[in-house]
>>> print(open('query_22.tsv').read())   # TSV, C-alpha atoms
chain	number	residue	atom	x	y	z
T	1	MET	CA	1.96	-8.95	9.17
T	2	SER	CA	-0.32	-11.97	9.03
T	3	THR	CA	-0.26	-14.65	6.35
T	4	GLN	CA	-3.68	-13.45	5.19
T	5	THR	CA	-2.41	-9.86	4.90
T	6	ASN	CA	0.70	-10.99	3.01
T	7	ALA	CA	-1.43	-12.99	0.56
T	8	LEU	CA	-3.80	-10.06	-0.04
T	9	THR	CA	-0.84	-7.72	-0.53
T	10	ALA	CA	0.70	-10.05	-3.13
T	11	ASP	CA	-2.64	-10.38	-4.93
T	12	LEU	CA	-3.14	-6.61	-5.02
T	13	LEU	CA	0.38	-6.05	-6.38
T	14	CYS	CA	-0.66	-8.21	-9.36
T	15	GLU	CA	-4.28	-7.10	-9.74
T	16	ILE	CA	-3.98	-3.29	-9.57
T	17	PRO	CA	-1.71	-3.02	-12.66
T	18	LYS	CA	-4.02	-5.41	-14.56
T	19	ARG	CA	-7.02	-3.17	-13.94
T	20	PHE	CA	-5.16	0.12	-14.42
T	21	ARG	CA	-2.78	-0.41	-17.34
T	22	GLY	CA	0.52	1.42	-17.02
T	23	THR	CA	0.20	1.71	-13.24
T	24	ARG	CA	3.33	0.83	-11.30
T	25	VAL	CA	3.09	-0.46	-7.73
T	26	TRP	CA	5.61	-1.84	-5.27
T	27	ARG	CA	5.70	-3.19	-1.76
T	28	CYS	CA	7.30	-0.92	0.80
T	29	THR	CA	8.24	-3.02	3.80
T	30	SER	CA	10.22	-2.70	6.97
T	31	GLY	CA	12.28	-5.20	8.88
T	32	MET	CA	15.67	-6.15	10.23
T	33	LEU	CA	18.70	-7.62	8.48
T	34	TYR	CA	22.12	-8.43	9.84
T	35	ASP	CA	25.40	-7.39	8.28
T	36	ARG	CA	28.37	-9.74	7.94
T	37	SER	CA	29.56	-8.96	11.44
T	38	GLY	CA	26.15	-9.80	12.90
T	39	ARG	CA	25.12	-6.23	13.65
T	40	PRO	CA	21.43	-5.50	13.07
T	41	VAL	CA	20.57	-3.17	10.20
T	42	ARG	CA	17.02	-1.88	10.27
T	43	ILE	CA	15.25	-1.66	6.92
T	44	VAL	CA	12.78	1.11	7.57
T	45	ARG	CA	9.82	2.47	5.76
T	46	ILE	CA	8.56	5.69	7.26
T	47	ASN	CA	6.09	4.86	10.01
T	48	GLY	CA	2.52	4.96	8.83
T	49	LEU	CA	3.12	4.91	5.10
T	50	PRO	CA	1.08	2.31	3.23
T	51	VAL	CA	2.59	-1.06	2.40
T	52	ILE	CA	1.69	-0.75	-1.30
T	53	GLN	CA	2.84	2.41	-3.03
T	54	GLY	CA	2.91	3.42	-6.65
T	55	VAL	CA	1.90	5.78	-9.42
T	56	LEU	CA	-1.60	5.40	-10.84
T	57	ALA	CA	-1.77	5.63	-14.63
T	58	PRO	CA	-2.89	7.51	-16.62
T	59	TYR	CA	-3.39	10.07	-13.89
T	60	GLY	CA	0.18	10.23	-12.59
T	61	ARG	CA	-1.04	10.41	-9.00
T	62	PHE	CA	0.66	8.81	-6.01
T	63	LEU	CA	-1.19	5.69	-4.90
T	64	GLY	CA	-1.01	4.32	-1.38
T	65	VAL	CA	-2.81	1.14	-0.35
T	66	GLU	CA	-2.79	0.07	3.28
T	67	VAL	CA	-3.71	-3.62	3.43
T	68	LYS	CA	-5.77	-4.82	6.37
T	69	ALA	CA	-7.07	-8.36	6.87
T	70	GLY	CA	-9.67	-9.60	9.30
T	71	SER	CA	-10.26	-7.19	12.17
T	72	ASP	CA	-7.05	-5.18	11.57
T	73	LYS	CA	-7.54	-1.41	11.72
T	74	GLN	CA	-5.42	1.63	10.88
T	75	SER	CA	-3.14	2.92	13.60
T	76	PRO	CA	-3.21	6.63	14.48
T	77	VAL	CA	0.07	7.19	12.59
T	78	GLN	CA	-1.41	5.46	9.51
T	79	LYS	CA	-4.44	7.75	9.68
T	80	GLN	CA	-2.08	10.73	9.79
T	81	ALA	CA	-0.21	9.41	6.72
T	82	GLU	CA	-3.55	9.03	4.93
T	83	LEU	CA	-4.37	12.67	5.65
T	84	VAL	CA	-0.97	13.85	4.38
T	85	ILE	CA	-1.24	11.81	1.16
T	86	ARG	CA	-4.83	12.88	0.41
T	87	THR	CA	-4.14	16.54	1.25
T	88	ALA	CA	-1.26	16.51	-1.24
T	89	GLY	CA	-3.53	15.13	-3.99
T	90	GLY	CA	-2.59	11.47	-3.70
T	91	ILE	CA	-4.90	8.50	-3.53
T	92	TYR	CA	-5.05	6.45	-0.35
T	93	ILE	CA	-7.10	3.29	0.12
T	94	VAL	CA	-7.48	0.91	3.03
T	95	ALA	CA	-7.92	-2.47	1.31
T	96	LYS	CA	-9.64	-5.40	2.95
T	97	SER	CA	-10.22	-7.26	-0.33
T	98	ILE	CA	-9.27	-7.06	-4.00
T	99	ASP	CA	-12.82	-6.25	-5.09
T	100	GLN	CA	-13.22	-3.49	-2.51
T	101	CYS	CA	-9.84	-1.95	-3.42
T	102	ILE	CA	-10.60	-1.91	-7.15
T	103	ALA	CA	-14.11	-0.54	-6.52
T	104	ASP	CA	-12.65	2.26	-4.38
T	105	LEU	CA	-10.10	3.10	-7.08
T	106	LEU	CA	-12.81	3.19	-9.75
T	107	GLN	CA	-14.97	5.40	-7.56
T	108	LEU	CA	-12.11	7.84	-6.91
T	109	CYS	CA	-10.71	7.90	-10.46
T	110	GLY	CA	-13.11	6.29	-12.89
T	111	PRO	CA	-11.98	3.67	-15.40
T	112	ALA	CA	-8.46	4.03	-16.73
>>> encode(input="query_22.tsv", output="C-alpha cells")
Amino acid sequence: MSTQTNALTADLLCEIPKRFRGTRVWRCTSGMLYDRSGRPVRIVRINGLPVIQGVLAPYGRFLGVEVKAGSDKQSPVQKQAELVIRTAGGIYIVAKSIDQCIADLLQLCGPA
C-alpha cells in the first residue's frame, strides 16, 4: 500500500465518523509478524475485502470502503467482494478522495 493510500485511509477513518455521527469504522489490514521463535505468522484479512470496514449509523448497515490512490484499480477479487457486500445489503465504496467518498455515501444513504 502506497504512502498516499495510507494517508487517505487514515484521513477517511477520521472523517467518515465526523460526517455520520455514531458510525464506527476500522482498518482491516493484512501482513506478516514473527513469533518469538522467528516463525512467520500471517495476519490475514480475507482477500478482496475492503481496507476500511464498519457499521454506518443510523442505518446499521455494513460499510466497506476500498481506498485507491492515483491510478490504482480494483482487482477482480475486490470486485467480487463488492458484489457480495452489495447483494447482501451492505454499502461498498471505492474511495479516491475524502470528498468523493462522502459524496458517494450521501448519495447512497442521504444525510445522517
>>> closest_residue(input="query_22.tsv", among="T:Ala81, T:Ala95, T:Ala57, T:Ala88", to="Cys109 in chain T", atoms="all atoms listed in the file")
T:Ala57
>>> residues_around(input="query_22.tsv", residues="Tyr59 in chain T", least_positions_apart="5", cutoff="12 Å", atoms="only C-alpha atoms", output="PyMOL selection string")
chain T and resi 20-24+54+89-91+105+108-112
>>> residues_around(input="query_22.tsv", residues="Thr3 in chain T", least_positions_apart="2", cutoff="12 Å", atoms="all atoms listed in the file", output="list in words")
Met1, Thr5, Asn6, Ala7, Leu8, Thr9, Ala10, Val67, Lys68, Ala69 and Gly70 of chain T
>>> write_last_selection(input="query_22.tsv", atoms="C-alpha atoms", output="compact mmCIF listing (two decimals), keeping the file's coordinate frame")
# COMPACT_ATOMS: atom_id res chain seq x y z
CA MET T 1 1.96 -8.95 9.17
CA THR T 5 -2.41 -9.86 4.90
CA ASN T 6 0.70 -10.99 3.01
CA ALA T 7 -1.43 -12.99 0.56
CA LEU T 8 -3.80 -10.06 -0.04
CA THR T 9 -0.84 -7.72 -0.53
CA ALA T 10 0.70 -10.05 -3.13
CA VAL T 67 -3.71 -3.62 3.43
CA LYS T 68 -5.77 -4.82 6.37
CA ALA T 69 -7.07 -8.36 6.87
CA GLY T 70 -9.67 -9.60 9.30
>>> atom_distance(input="query_22.tsv", atom1="CA of Glu82 in chain T", atom2="CA of Leu13 in chain T")
19.3 Å
>>> atom_distance(input="query_22.tsv", atom1="CA of Asn47 in chain T", atom2="CA of Gln78 in chain T")
7.5 Å
>>> closest_residue(input="query_22.tsv", among="T:Gly38, T:Pro58, T:Pro50, T:Gly64", to="Arg19 in chain T", atoms="only C-alpha atoms")
T:Pro58
>>> closest_residue(input="query_22.tsv", among="T:Arg36, T:Phe62, T:Cys101, T:Ser30", to="Glu15 in chain T", atoms="all atoms listed in the file")
T:Cys101
>>> decode(input="query_22.tsv", residues="range 26-38 of chain T", atoms="N, CA, C and O atoms", output="PDB file, in the first residue's frame")
ATOM      1  N   TRP T  26     -13.155   0.857  11.090  1.00  0.00           N
ATOM      2  CA  TRP T  26     -11.845   0.356  11.493  1.00  0.00           C
ATOM      3  C   TRP T  26     -11.090  -0.073  10.251  1.00  0.00           C
ATOM      4  O   TRP T  26     -11.670  -0.331   9.210  1.00  0.00           O
ATOM      5  N   ARG T  27      -9.786  -0.134  10.409  1.00  0.00           N
ATOM      6  CA  ARG T  27      -8.910  -0.573   9.327  1.00  0.00           C
ATOM      7  C   ARG T  27      -8.721  -2.081   9.439  1.00  0.00           C
ATOM      8  O   ARG T  27      -8.437  -2.608  10.514  1.00  0.00           O
ATOM      9  N   CYS T  28      -8.876  -2.748   8.341  1.00  0.00           N
ATOM     10  CA  CYS T  28      -8.734  -4.202   8.305  1.00  0.00           C
ATOM     11  C   CYS T  28      -7.552  -4.518   7.397  1.00  0.00           C
ATOM     12  O   CYS T  28      -7.660  -4.468   6.180  1.00  0.00           O
ATOM     13  N   THR T  29      -6.422  -4.793   7.991  1.00  0.00           N
ATOM     14  CA  THR T  29      -5.197  -4.943   7.209  1.00  0.00           C
ATOM     15  C   THR T  29      -4.707  -6.381   7.195  1.00  0.00           C
ATOM     16  O   THR T  29      -5.195  -7.237   7.917  1.00  0.00           O
ATOM     17  N   SER T  30      -3.712  -6.600   6.371  1.00  0.00           N
ATOM     18  CA  SER T  30      -3.063  -7.905   6.340  1.00  0.00           C
ATOM     19  C   SER T  30      -1.566  -7.678   6.412  1.00  0.00           C
ATOM     20  O   SER T  30      -1.077  -6.583   6.166  1.00  0.00           O
ATOM     21  N   GLY T  31      -0.844  -8.707   6.759  1.00  0.00           N
ATOM     22  CA  GLY T  31       0.600  -8.564   6.840  1.00  0.00           C
ATOM     23  C   GLY T  31       1.234  -9.786   7.463  1.00  0.00           C
ATOM     24  O   GLY T  31       0.614 -10.837   7.588  1.00  0.00           O
ATOM     25  N   MET T  32       2.474  -9.632   7.870  1.00  0.00           N
ATOM     26  CA  MET T  32       3.248 -10.734   8.428  1.00  0.00           C
ATOM     27  C   MET T  32       3.927 -10.261   9.714  1.00  0.00           C
ATOM     28  O   MET T  32       4.515  -9.188   9.751  1.00  0.00           O
ATOM     29  N   LEU T  33       3.797 -11.062  10.753  1.00  0.00           N
ATOM     30  CA  LEU T  33       4.525 -10.849  12.002  1.00  0.00           C
ATOM     31  C   LEU T  33       5.359 -12.085  12.265  1.00  0.00           C
ATOM     32  O   LEU T  33       5.179 -13.113  11.625  1.00  0.00           O
ATOM     33  N   TYR T  34       6.256 -11.980  13.220  1.00  0.00           N
ATOM     34  CA  TYR T  34       7.078 -13.135  13.579  1.00  0.00           C
ATOM     35  C   TYR T  34       6.916 -13.422  15.052  1.00  0.00           C
ATOM     36  O   TYR T  34       6.935 -12.511  15.883  1.00  0.00           O
ATOM     37  N   ASP T  35       6.739 -14.705  15.384  1.00  0.00           N
ATOM     38  CA  ASP T  35       6.611 -15.060  16.798  1.00  0.00           C
ATOM     39  C   ASP T  35       7.994 -15.051  17.456  1.00  0.00           C
ATOM     40  O   ASP T  35       9.001 -14.764  16.809  1.00  0.00           O
ATOM     41  N   ARG T  36       8.032 -15.361  18.728  1.00  0.00           N
ATOM     42  CA  ARG T  36       9.295 -15.281  19.484  1.00  0.00           C
ATOM     43  C   ARG T  36      10.384 -16.201  18.958  1.00  0.00           C
ATOM     44  O   ARG T  36      11.560 -15.925  19.114  1.00  0.00           O
ATOM     45  N   SER T  37       9.966 -17.275  18.307  1.00  0.00           N
ATOM     46  CA  SER T  37      10.963 -18.200  17.763  1.00  0.00           C
ATOM     47  C   SER T  37      11.403 -17.803  16.348  1.00  0.00           C
ATOM     48  O   SER T  37      12.262 -18.458  15.773  1.00  0.00           O
ATOM     49  N   GLY T  38      10.815 -16.735  15.817  1.00  0.00           N
ATOM     50  CA  GLY T  38      11.180 -16.274  14.489  1.00  0.00           C
ATOM     51  C   GLY T  38      10.339 -16.834  13.365  1.00  0.00           C
ATOM     52  O   GLY T  38      10.572 -16.533  12.200  1.00  0.00           O
TER      53      GLY T  38
END
